[in-house]
Amino acid sequence: MDTLFRLVSLQSDQSFNSSRTSSSSRSSRHNNNNFNSNNYQYHHQPEEEEEEEEEECCNNNNNNLFYMDEDDFSSSSSKHLFPYHHQHPTSTATTTTTTTASTSHAAAWEHSSSTAAEQLGFPSSPAPDLNLQGFASDNKWATNLLMETARAIADKNSGRVQQLMWMLNELSSPYGDIEQKLASYFLQALFCRITDSGERCYRTLTSASDKTCSFDSTRKMLLKFQEVSPWTTFGHVACNGAILEALEGESKLHIVDISNTYCTQWPTLLEALATRTDDTPHLRLTTVVANKAAAVGASASGVSAQKVMKEIGNRMEKFARLMGVPFKFKTVHHAGDLSDMNLLAELDLRDDEALAINCVGTLHTVASVENRREAVLAGFRRLRPKIVTVVEEEAELDSVGIGMESGSEEGFDFFRGFQECVRWFRVYLESLDESFPRTSNERLILERATGRALVDLLACPPAHSSERRESAAGWSRRLRETGFNPVPFSDDVLDDVRALLRRYREGCWSMTTTTTATPTTPVSSDAGIFLAWKNQPVVWACAWRPYS
């Protein structure tokens, strides 16, 4: 696998028992239909409580983990396999400490969500026309209930909204099954939207996460995610192949990496450069880290990112020496939106270097207002790269922010965007559910990130949002309009991608050249490839070059 790090665990990780916590939470909630107004905390709880949650999943057996020797950094090492183990939670696997912590969090969630419902004026029992058991018995009750809630919000039917959110509060749990988790994280975001507290809630959640972020926790989460799912490695393999072919024969290379995968893409590219038949080229890797949170005073966010990237840079340089590739690494930190950054001034471009720009999972973080995304792409073109590689998740989530700027709701657009939002995050959570064991702490980290993303999408103004994904059709249109032509992936690259997918769970992952996310705007096969989860496109990878 194309990852920078190799991990050895001396003993199995401790993990909390999500099923026990969920059962406890459900039992407690059904035994008490009255909301406790004295315990109202909800999403504005003190940061200490949030930090406690994050520490539970980030700092798990860190003392029993260490890195392998340099020889094992090689992604072609026969030691690194891709087995799939679908485990089920057992009550005996839970330690006293983690069970207590999880139960405490479940109790806090229950208190907060219940009292939040009361503050909104929710009734202490469902309205006569709402069948709680009927919804709960539906296989996809969360989707149906959430769509009813979105319709009520779009229609400005406050009474109906209160009734439906009461039901969501009763049925949801962040430790339950897919339906309960989906309802739980959407309930949090919808509550923030209704109470106009999205930005404050998002800052609190992000700050708590950043304060417990470390190189070790980041490494462990990325390693596990890449081991059980091709969600990120799919784009890595495709982009590396396109970059190597575009820069073939060049003696000096400069890759500008604007990505969110912490350089896990580059070890395999270094290996490929080291085995070239001609002279090994010199490589300069500049990683751009744009941090909106740091721009609004969340200093912990910027500091944690700098610490992680410093350690990654040291390990990248060490690995390049091992491979015998002349290499220089630099990180450029930018506090604010990527569209505000002067790329030409910051990147130290040189005329004798062949330039490639790599964007994995970051273009959608650029604000989707005032043509900022077009401005970023136009800035790329001015740098005159030989190739630009892009990987984005395949979803159209921009319209869920309708009404956030003015305080009003544009019914149809909001409802349509919300429907796509529910569809997309259901697919994502289902893929996590079938890829990770039930008691995986790495899975918990990713699910909590989903909760933060939903608050950003549903409750924060578009100008401040970092989660407004766009479909391949939209990005293709923007790239063509700013002066780029698509570069089809070669047969060799496609074969490499297919070989990668064979390492993961059979029957779940596939590669396709078409998408169903935007049937009215089809994407031509020359504009990239899609990773599909059970035939649903979820990730889009593509390569572009400026017009001649």
# chains A, B, ... in the order shown; residues from 1 in each chain; ligands from 1
>>> residues_around(residues="Ala527 in chain A", least_positions_apart="6", cutoff="8 Å", atoms="only C-alpha atoms", output="number ranges by chain")
A: 476, 486-488, 542-543
>>> write_last_selection(atoms="N, CA and C atoms", output="PDB file, in the first residue's frame")
ATOM      1  N   SER A 476     -15.354  19.350 -13.703  1.00  0.00           N
ATOM      2  CA  SER A 476     -14.931  19.288 -15.104  1.00  0.00           C
ATOM      3  C   SER A 476     -15.274  20.586 -15.821  1.00  0.00           C
ATOM      4  N   PRO A 486      -8.706  17.565 -20.258  1.00  0.00           N
ATOM      5  CA  PRO A 486      -8.492  16.315 -19.516  1.00  0.00           C
ATOM      6  C   PRO A 486      -7.417  15.457 -20.159  1.00  0.00           C
ATOM      7  N   VAL A 487      -6.693  14.723 -19.309  1.00  0.00           N
ATOM      8  CA  VAL A 487      -5.675  13.774 -19.765  1.00  0.00           C
ATOM      9  C   VAL A 487      -6.155  12.379 -19.382  1.00  0.00           C
ATOM     10  N   PRO A 488      -6.521  11.563 -20.359  1.00  0.00           N
ATOM     11  CA  PRO A 488      -6.999  10.208 -20.015  1.00  0.00           C
ATOM     12  C   PRO A 488      -5.894   9.394 -19.345  1.00  0.00           C
ATOM     13  N   CYS A 542      -8.781  12.296 -11.552  1.00  0.00           N
ATOM     14  CA  CYS A 542      -8.629  12.778 -12.920  1.00  0.00           C
ATOM     15  C   CYS A 542      -7.298  13.515 -13.071  1.00  0.00           C
ATOM     16  N   ALA A 543      -6.912  13.738 -14.313  1.00  0.00           N
ATOM     17  CA  ALA A 543      -5.675  14.475 -14.618  1.00  0.00           C
ATOM     18  C   ALA A 543      -5.974  15.484 -15.721  1.00  0.00           C
TER      19      ALA A 543
END
>>> select_by_dssp(residues="range 323-491 of chain A", states="strand (DSSP E)", output="list in words")
Phe327, Lys328, Phe329, Lys330, Thr331, Val332, His333, His334, Ala335, Ala354, Leu355, Ala356, Ile357, Asn358, Cys359, Val360, Ile387, Val388, Thr389, Val390, Val391, Glu392, Glu393, Phe484, Asn485 and Pro486 of chain A
>>> residues_around(residues="range 500-515 of chain A", least_positions_apart="3", cutoff="6 Å", atoms="only C-alpha atoms", output="list in words")
Phe82, Val497, Ser525, Ile529, Phe530, Leu531, Ala532, Trp533, Lys534 and Pro537 of chain A
>>> residues_around(residues="Leu458 in chain A", least_positions_apart="2", cutoff="7 Å", atoms="only C-alpha atoms", output="ChimeraX atom specification")
/A:189-190,193,400-401,454-456,460
>>> write_last_selection(atoms="N, CA and C atoms", output="PDB file, in the first residue's frame")
ATOM      1  N   ALA A 189     -26.556  18.529  13.562  1.00  0.00           N
ATOM      2  CA  ALA A 189     -26.394  19.592  12.570  1.00  0.00           C
ATOM      3  C   ALA A 189     -27.681  20.392  12.376  1.00  0.00           C
ATOM      4  N   LEU A 190     -28.824  19.704  12.336  1.00  0.00           N
ATOM      5  CA  LEU A 190     -30.090  20.409  12.162  1.00  0.00           C
ATOM      6  C   LEU A 190     -30.411  21.293  13.358  1.00  0.00           C
ATOM      7  N   ARG A 193     -28.446  24.373  12.982  1.00  0.00           N
ATOM      8  CA  ARG A 193     -29.007  25.233  11.939  1.00  0.00           C
ATOM      9  C   ARG A 193     -30.211  26.010  12.470  1.00  0.00           C
ATOM     10  N   VAL A 400     -27.131  22.626   0.146  1.00  0.00           N
ATOM     11  CA  VAL A 400     -27.640  22.466   1.513  1.00  0.00           C
ATOM     12  C   VAL A 400     -27.394  23.720   2.340  1.00  0.00           C
ATOM     13  N   GLY A 401     -26.548  24.631   1.844  1.00  0.00           N
ATOM     14  CA  GLY A 401     -26.305  25.883   2.555  1.00  0.00           C
ATOM     15  C   GLY A 401     -27.269  26.983   2.191  1.00  0.00           C
ATOM     16  N   LEU A 454     -21.026  17.580   8.892  1.00  0.00           N
ATOM     17  CA  LEU A 454     -22.445  17.880   8.755  1.00  0.00           C
ATOM     18  C   LEU A 454     -22.811  19.206   9.406  1.00  0.00           C
ATOM     19  N   VAL A 455     -22.207  19.529  10.534  1.00  0.00           N
ATOM     20  CA  VAL A 455     -22.435  20.846  11.141  1.00  0.00           C
ATOM     21  C   VAL A 455     -21.959  21.937  10.193  1.00  0.00           C
ATOM     22  N   ASP A 456     -20.797  21.739   9.597  1.00  0.00           N
ATOM     23  CA  ASP A 456     -20.262  22.700   8.632  1.00  0.00           C
ATOM     24  C   ASP A 456     -21.213  22.868   7.447  1.00  0.00           C
ATOM     25  N   CYS A 460     -23.466  26.164   8.772  1.00  0.00           N
ATOM     26  CA  CYS A 460     -22.510  27.258   8.621  1.00  0.00           C
ATOM     27  C   CYS A 460     -22.702  27.933   7.267  1.00  0.00           C
TER      28      CYS A 460
END
>>> select_by_dssp(residues="range 246-456 of chain A", states="alpha helix (DSSP H)", output="ChimeraX atom specification")
/A:246,266-274,292-295,299-323,343-346,372-382,411-435,441-456
>>> residues_around(residues="Pro281 in chain A", least_positions_apart="6", cutoff="8 Å", atoms="only C-alpha atoms", output="VMD selection string")
chain A and resid 250 to 253 273 325 to 326
>>> write_last_selection(atoms="N, CA, C and O atoms", output="tab-separated table (two decimals), in the first residue's frame")
chain	number	residue	atom	x	y	z
A	250	GLU	N	12.24	14.00	-17.40
A	250	GLU	CA	12.67	15.25	-16.77
A	250	GLU	C	13.70	14.96	-15.68
A	250	GLU	O	13.58	13.98	-14.95
A	251	SER	N	14.71	15.84	-15.59
A	251	SER	CA	15.78	15.63	-14.60
A	251	SER	C	15.52	16.33	-13.28
A	251	SER	O	16.08	15.95	-12.25
A	252	LYS	N	14.66	17.36	-13.30
A	252	LYS	CA	14.34	18.10	-12.07
A	252	LYS	C	12.83	18.24	-11.98
A	252	LYS	O	12.19	18.80	-12.89
A	253	LEU	N	12.28	17.75	-10.88
A	253	LEU	CA	10.83	17.73	-10.70
A	253	LEU	C	10.43	18.55	-9.48
A	253	LEU	O	11.13	18.57	-8.47
A	273	LEU	N	10.63	6.49	-8.89
A	273	LEU	CA	11.73	7.34	-9.37
A	273	LEU	C	13.08	6.66	-9.17
A	273	LEU	O	13.98	6.76	-10.00
A	325	VAL	N	17.03	8.92	-3.76
A	325	VAL	CA	16.45	9.98	-4.59
A	325	VAL	C	16.83	11.33	-4.01
A	325	VAL	O	16.51	11.62	-2.85
A	326	PRO	N	17.51	12.19	-4.79
A	326	PRO	CA	17.79	13.55	-4.31
A	326	PRO	C	16.47	14.27	-4.03
A	326	PRO	O	15.61	14.37	-4.92
>>> residues_around(residues="Arg469 in chain A", least_positions_apart="3", cutoff="9 Å", atoms="only C-alpha atoms", output="list of chain:residue names")
A:Leu363, A:His364, A:Thr365, A:Glu392, A:Glu393, A:Glu394, A:Ala395, A:Glu396, A:Leu397, A:Asp398, A:Ser466
>>> closest_residue(among="A:Asn485, A:Tyr202, A:Asp492, A:Glu317", to="Ser548 in chain A", atoms="only C-alpha atoms")
A:Asn485
>>> residues_around(residues="Pro546 in chain A", least_positions_apart="5", cutoff="7 Å", atoms="only C-alpha atoms", output="PyMOL selection string")
chain A and resi 381+483-485
>>> atom_distance(atom1="CA of Ile243 in chain A", atom2="CA of Val289 in chain A")
20.6 Å
